[in-house]
>>> print(open('final_6.cif').read())   # mmCIF, C-alpha atoms
data_start
loop_
_atom_site.label_atom_id
_atom_site.label_comp_id
_atom_site.auth_asym_id
_atom_site.auth_seq_id
_atom_site.Cartn_x
_atom_site.Cartn_y
_atom_site.Cartn_z
CA MET A 161 16.68 -3.03 -5.76
CA HIS A 162 17.40 -6.80 -5.99
CA SER A 163 19.55 -7.20 -2.87
CA SER A 164 20.14 -10.73 -1.66
CA LEU A 165 20.21 -11.36 2.07
CA GLU A 166 19.53 -13.85 4.83
CA LEU A 167 16.61 -13.38 7.25
CA LYS A 168 17.74 -12.39 10.73
CA ARG A 169 14.67 -13.97 12.38
CA GLU A 170 11.51 -15.85 11.53
CA VAL A 171 8.99 -13.43 10.04
CA ASP A 172 5.32 -13.42 9.08
CA ALA A 173 4.72 -12.59 5.44
CA VAL A 174 1.94 -12.59 2.87
CA GLN A 175 2.31 -14.91 -0.12
CA ILE A 176 1.91 -13.12 -3.46
CA PRO A 177 -0.49 -13.29 -5.28
CA SER A 178 -2.66 -15.59 -3.13
CA GLY A 179 -2.67 -13.35 -0.05
CA ASP A 180 -2.10 -16.34 2.25
CA LEU A 181 -0.22 -15.75 5.51
CA ILE A 182 3.07 -17.65 5.72
CA LYS A 183 6.14 -17.77 7.97
CA LEU A 184 9.57 -17.32 6.49
CA PRO A 185 12.21 -19.08 8.61
CA LEU A 186 15.32 -17.63 10.22
CA GLY A 187 18.26 -17.88 7.83
CA MET A 188 16.16 -18.15 4.66
CA LYS A 189 17.83 -16.47 1.69
CA VAL A 190 15.61 -13.85 0.03
CA ILE A 191 16.04 -11.23 -2.65
CA ILE A 192 14.35 -7.86 -2.15
CA THR A 193 12.58 -7.10 -5.42
CA GLN A 194 10.61 -4.05 -4.33
CA SER A 195 10.68 -1.64 -1.40
CA LEU A 196 7.86 0.87 -1.53
CA GLY A 197 5.65 2.44 1.10
CA GLY A 198 7.64 0.78 3.88
CA THR A 199 6.78 -2.78 2.82
CA TYR A 200 9.17 -5.18 1.12
CA THR A 201 8.47 -7.69 -1.62
CA VAL A 202 10.94 -10.55 -1.48
CA ALA A 203 11.64 -13.44 -3.80
CA THR A 204 12.05 -16.77 -2.03
CA ASP A 205 12.52 -20.33 -3.26
CA PHE A 206 8.72 -20.61 -2.91
CA GLY A 207 7.79 -17.46 -4.89
CA LEU A 208 7.12 -13.86 -3.90
CA ALA A 209 6.16 -12.70 -0.41
CA ARG A 210 5.46 -9.34 1.20
CA ILE A 211 6.98 -8.32 4.53
CA GLN A 212 5.23 -5.54 6.48
CA ALA A 213 6.96 -2.35 7.61
CA GLY A 214 6.91 -3.47 11.26
CA ASP A 215 9.03 -6.50 10.41
CA VAL A 216 11.84 -4.91 8.38
CA ASP A 217 14.30 -5.75 11.15
CA ALA A 218 14.00 -9.39 10.01
CA LEU A 219 15.67 -8.22 6.80
CA GLY A 220 18.44 -6.56 8.79
CA ILE A 221 17.12 -3.10 7.87
CA ASP A 222 16.86 -0.28 10.40
CA PRO A 223 13.11 0.52 10.68
CA GLU A 224 13.82 4.27 10.92
CA ALA A 225 15.95 4.20 7.78
CA SER A 226 13.13 2.48 5.86
CA LYS A 227 10.69 5.38 6.38
CA LYS A 228 10.33 7.69 3.42
CA GLU A 229 8.01 10.58 2.65
CA GLN A 230 5.92 10.48 -0.51
CA ASP A 231 5.43 13.46 -2.78
CA SER A 232 1.92 14.75 -2.17
CA SER A 233 1.19 15.63 -5.79
CA SER A 234 -0.85 13.40 -8.05
CA SER A 235 -3.14 14.19 -10.93
CA ASN A 236 -5.49 11.58 -9.40
CA ILE A 237 -6.09 13.62 -6.21
CA PRO A 238 -9.09 15.95 -6.57
CA GLY A 239 -8.25 19.64 -6.19
CA ASP A 240 -11.12 20.43 -3.82
CA VAL A 241 -10.29 18.17 -0.85
CA SER A 242 -10.28 19.37 2.75
CA ASP A 243 -7.00 19.43 4.69
CA LEU A 244 -7.91 16.20 6.49
CA GLU A 245 -8.95 14.50 3.23
CA GLY A 246 -5.64 15.62 1.74
CA GLN A 247 -3.84 13.88 4.59
CA VAL A 248 -5.80 10.70 3.82
CA TRP A 249 -4.87 10.88 0.12
CA ASN A 250 -1.22 11.40 1.09
CA GLN A 251 -1.28 8.33 3.34
CA LEU A 252 -2.86 6.30 0.53
CA LYS A 253 0.11 7.28 -1.66
CA ASN A 254 2.19 5.08 0.68
CA VAL A 255 0.18 1.95 -0.19
CA TYR A 256 1.42 -0.28 -3.00
CA ASP A 257 0.37 -3.40 -4.82
CA PRO A 258 3.45 -5.56 -4.10
CA GLU A 259 3.80 -6.46 -7.79
CA ILE A 260 3.54 -2.93 -9.24
CA PRO A 261 5.97 -0.10 -8.37
CA VAL A 262 3.24 2.59 -8.37
CA ASN A 263 1.10 3.59 -5.38
CA ILE A 264 -2.65 2.88 -5.36
CA VAL A 265 -3.55 6.56 -5.87
CA ASP A 266 -1.43 6.94 -9.01
CA LEU A 267 -2.61 3.54 -10.25
CA GLY A 268 -6.15 4.95 -10.15
CA LEU A 269 -7.37 2.32 -7.70
CA VAL A 270 -8.87 4.85 -5.25
CA TYR A 271 -12.31 5.85 -6.53
CA ASP A 272 -13.56 7.91 -3.61
CA CYS A 273 -12.13 9.34 -0.41
CA LYS A 274 -14.05 11.44 2.06
CA VAL A 275 -13.94 12.27 5.74
CA GLU A 276 -17.14 12.54 7.75
CA ALA A 277 -17.55 13.80 11.31
CA ASP A 278 -20.21 12.25 13.53
CA ALA A 279 -22.36 14.07 16.11
CA GLU A 280 -19.53 13.82 18.66
CA GLY A 281 -17.03 15.35 16.21
CA LYS A 282 -15.16 12.09 15.62
CA ASN A 283 -13.64 11.83 12.12
CA LYS A 284 -14.06 8.76 9.95
CA ALA A 285 -12.37 8.30 6.59
CA ILE A 286 -14.42 6.41 4.02
CA VAL A 287 -12.46 5.10 1.05
CA LYS A 288 -13.73 3.17 -1.95
CA MET A 289 -11.05 1.45 -3.94
CA THR A 290 -10.64 -1.33 -6.45
CA LEU A 291 -7.89 -3.65 -7.63
CA THR A 292 -6.30 -4.17 -11.02
CA ALA A 293 -8.01 -7.59 -11.17
CA PRO A 294 -11.06 -8.82 -9.20
CA GLY A 295 -9.44 -12.17 -8.37
CA CYS A 296 -6.35 -10.63 -6.74
CA GLY A 297 -5.74 -12.47 -3.47
CA MET A 298 -3.81 -9.44 -2.15
CA GLY A 299 -6.99 -7.29 -2.06
CA PRO A 300 -7.73 -7.67 1.67
CA THR A 301 -4.05 -7.08 2.49
CA ILE A 302 -3.87 -3.91 0.39
CA ALA A 303 -7.16 -2.62 1.88
CA ALA A 304 -5.91 -3.35 5.42
CA ASP A 305 -2.64 -1.55 4.64
CA ALA A 306 -4.65 1.47 3.42
CA GLN A 307 -6.77 1.45 6.58
CA SER A 308 -3.75 1.23 8.88
CA ARG A 309 -2.00 4.08 7.02
CA ILE A 310 -5.10 6.27 7.40
CA MET A 311 -5.25 5.53 11.12
CA THR A 312 -1.78 7.07 11.57
CA ILE A 313 -3.35 10.51 11.00
CA GLU A 314 -3.58 12.35 14.30
CA ASP A 315 -7.15 13.67 13.87
CA MET A 316 -8.56 10.41 12.48
CA ASP A 317 -10.77 8.31 14.76
CA ASP A 318 -11.88 5.58 12.35
CA ALA A 319 -11.41 4.42 8.77
CA ALA A 320 -13.34 2.15 6.43
CA VAL A 321 -11.82 0.90 3.18
CA GLU A 322 -14.28 -0.81 0.85
CA LEU A 323 -13.28 -2.83 -2.21
CA VAL A 324 -15.59 -2.08 -5.14
CA TRP A 325 -15.66 -3.39 -8.69
CA ASP A 326 -17.71 -0.79 -10.54
CA PRO A 327 -16.42 0.73 -12.66
CA ALA A 328 -13.90 -1.90 -13.64
CA TRP A 329 -10.32 -0.62 -13.42
CA ASN A 330 -8.39 -0.01 -16.63
CA GLN A 331 -5.00 1.46 -17.52
CA GLY A 332 -6.60 4.76 -18.52
CA MET A 333 -7.14 5.40 -14.78
CA ILE A 334 -3.41 5.58 -14.08
CA SER A 335 -2.25 9.13 -13.32
CA ILE A 336 0.28 10.95 -15.44
CA GLU A 337 2.83 10.38 -12.65
CA GLY A 338 2.06 6.65 -12.60
CA LYS A 339 2.31 6.35 -16.39
CA MET A 340 5.70 8.08 -16.28
CA LYS A 341 6.92 5.69 -13.55
CA LEU A 342 5.75 2.70 -15.60
CA GLY A 343 7.33 4.05 -18.81
CA MET A 344 3.96 4.41 -20.53
CA ILE A 345 4.68 8.05 -21.50
#
>>> encode(input="final_6.cif", output="structure tokens")
Amino acid sequence: MHSSLELKREVDAVQIPSGDLIKLPLGMKVIITQSLGGTYTVATDFGLARIQAGDVDALGIDPEASKKEQDSSSSNIPGDVSDLEGQVWNQLKNVYDPEIPVNIVDLGLVYDCKVEADAEGKNKAIVKMTLTAPGCGMGPTIAADAQSRIMTIEDMDDAAVELVWDPAWNQGMISIEGKMKLGMI
């Protein structure tokens, strides 16, 4: 992508890779290095930062134009999921590590995804996921992004996204689709 532009307003962002919250000032020149899942990774004079989907207007981008549907196929999605679990997996395909142009499902970061209904019939998604490296400061941000994506599902009442470290992630967990995107096959 690599488009250079000037911020149209002050905007909250997340510093990459620390995960610290920062403010980027009005008029700051940035270069968009990645635009996936509705979030934008920008290069600034101070390093990389991630701007959330709700703040794309600060980049001068129409929020409606930034929405994009993801293909629902992935060799990392189990074949025996319920319709509602399938919707959760599809939402998770809109979540990206801001430094890698492959979604967390195709990266193999999602280890488990299930939907449980309580006694009142309220649905709760329970997701266990990992990161490519345990020290990644973006972990809480990526998990929160996953949770907020899940909560956009009409029949979903609650969502819990847990970061786990066992088994340790490795490149063999990347789906065929992810490996193709990364040029590994």
>>> resolve_selection(input="final_6.cif", expression="the PyMOL selection byres ((chain A and resi 306-315) around 8)", output="number ranges by chain")
A: 244, 247-248, 251-252, 254-255, 283, 285, 302-305, 316-321
>>> closest_residue(input="final_6.cif", among="A:Ile264, A:Glu276, A:Asn330, A:Asp222", to="Asn236 in chain A", atoms="all atoms listed in the file")
A:Ile264
>>> closest_residue(input="final_6.cif", among="A:Ile192, A:Ile211, A:Val241, A:Leu186", to="Thr301 in chain A", atoms="only C-alpha atoms")
A:Ile211
>>> atom_distance(input="final_6.cif", atom1="CA of Ser234 in chain A", atom2="CA of Asp272 in chain A")
14.5 Å
>>> atom_distance(input="final_6.cif", atom1="CA of Gly332 in chain A", atom2="CA of Asp266 in chain A")
11.0 Å
>>> atom_distance(input="final_6.cif", atom1="CA of Gly207 in chain A", atom2="CA of Asn263 in chain A")
22.1 Å
>>> resolve_selection(input="final_6.cif", expression="the PyMOL selection byres ((chain A and resi 188) around 6)", output="list in words")
Glu166, Leu167, Pro185, Leu186, Gly187 and Lys189 of chain A
>>> closest_residue(input="final_6.cif", among="A:Glu337, A:Asp240, A:Asp257, A:Glu322", to="Ile286 in chain A", atoms="all atoms listed in the file")
A:Glu322
>>> closest_residue(input="final_6.cif", among="A:Leu267, A:Glu245, A:Ala173, A:Met344", to="Gly214 in chain A", atoms="only C-alpha atoms")
A:Ala173
>>> decode(input="final_6.cif", residues="range 233-247 of chain A", atoms="N, CA and C atoms", output="PDB file, in the first residue's frame")
ATOM      1  N   SER A 233     -13.126 -19.235   3.663  1.00  0.00           N
ATOM      2  CA  SER A 233     -12.425 -20.511   3.628  1.00  0.00           C
ATOM      3  C   SER A 233     -11.039 -20.391   4.248  1.00  0.00           C
ATOM      4  N   SER A 234     -10.673 -21.430   4.970  1.00  0.00           N
ATOM      5  CA  SER A 234      -9.335 -21.552   5.535  1.00  0.00           C
ATOM      6  C   SER A 234      -9.135 -23.000   5.930  1.00  0.00           C
ATOM      7  N   SER A 235      -7.980 -23.538   5.600  1.00  0.00           N
ATOM      8  CA  SER A 235      -7.702 -24.913   5.997  1.00  0.00           C
ATOM      9  C   SER A 235      -7.502 -25.014   7.508  1.00  0.00           C
ATOM     10  N   ASN A 236      -7.454 -23.882   8.216  1.00  0.00           N
ATOM     11  CA  ASN A 236      -7.317 -23.903   9.674  1.00  0.00           C
ATOM     12  C   ASN A 236      -8.659 -23.882  10.401  1.00  0.00           C
ATOM     13  N   ILE A 237      -9.777 -23.778   9.685  1.00  0.00           N
ATOM     14  CA  ILE A 237     -11.097 -23.802  10.314  1.00  0.00           C
ATOM     15  C   ILE A 237     -11.595 -25.245  10.294  1.00  0.00           C
ATOM     16  N   PRO A 238     -11.912 -25.807  11.465  1.00  0.00           N
ATOM     17  CA  PRO A 238     -12.411 -27.181  11.496  1.00  0.00           C
ATOM     18  C   PRO A 238     -13.678 -27.329  10.647  1.00  0.00           C
ATOM     19  N   GLY A 239     -13.866 -28.498  10.071  1.00  0.00           N
ATOM     20  CA  GLY A 239     -15.012 -28.730   9.202  1.00  0.00           C
ATOM     21  C   GLY A 239     -16.310 -28.979   9.934  1.00  0.00           C
ATOM     22  N   ASP A 240     -16.256 -29.245  11.236  1.00  0.00           N
ATOM     23  CA  ASP A 240     -17.455 -29.645  11.978  1.00  0.00           C
ATOM     24  C   ASP A 240     -17.979 -28.556  12.917  1.00  0.00           C
ATOM     25  N   VAL A 241     -17.815 -27.294  12.550  1.00  0.00           N
ATOM     26  CA  VAL A 241     -18.275 -26.205  13.419  1.00  0.00           C
ATOM     27  C   VAL A 241     -19.751 -25.922  13.189  1.00  0.00           C
ATOM     28  N   SER A 242     -20.422 -25.435  14.240  1.00  0.00           N
ATOM     29  CA  SER A 242     -21.817 -25.019  14.111  1.00  0.00           C
ATOM     30  C   SER A 242     -21.871 -23.726  13.293  1.00  0.00           C
ATOM     31  N   ASP A 243     -23.077 -23.338  12.882  1.00  0.00           N
ATOM     32  CA  ASP A 243     -23.226 -22.091  12.123  1.00  0.00           C
ATOM     33  C   ASP A 243     -22.688 -20.897  12.908  1.00  0.00           C
ATOM     34  N   LEU A 244     -23.027 -20.839  14.193  1.00  0.00           N
ATOM     35  CA  LEU A 244     -22.597 -19.709  15.016  1.00  0.00           C
ATOM     36  C   LEU A 244     -21.078 -19.736  15.204  1.00  0.00           C
ATOM     37  N   GLU A 245     -20.503 -20.920  15.412  1.00  0.00           N
ATOM     38  CA  GLU A 245     -19.039 -21.013  15.516  1.00  0.00           C
ATOM     39  C   GLU A 245     -18.379 -20.611  14.202  1.00  0.00           C
ATOM     40  N   GLY A 246     -19.001 -20.955  13.090  1.00  0.00           N
ATOM     41  CA  GLY A 246     -18.483 -20.539  11.790  1.00  0.00           C
ATOM     42  C   GLY A 246     -18.457 -19.029  11.657  1.00  0.00           C
ATOM     43  N   GLN A 247     -19.479 -18.375  12.197  1.00  0.00           N
ATOM     44  CA  GLN A 247     -19.506 -16.908  12.171  1.00  0.00           C
ATOM     45  C   GLN A 247     -18.363 -16.335  13.008  1.00  0.00           C
TER      46      GLN A 247
END
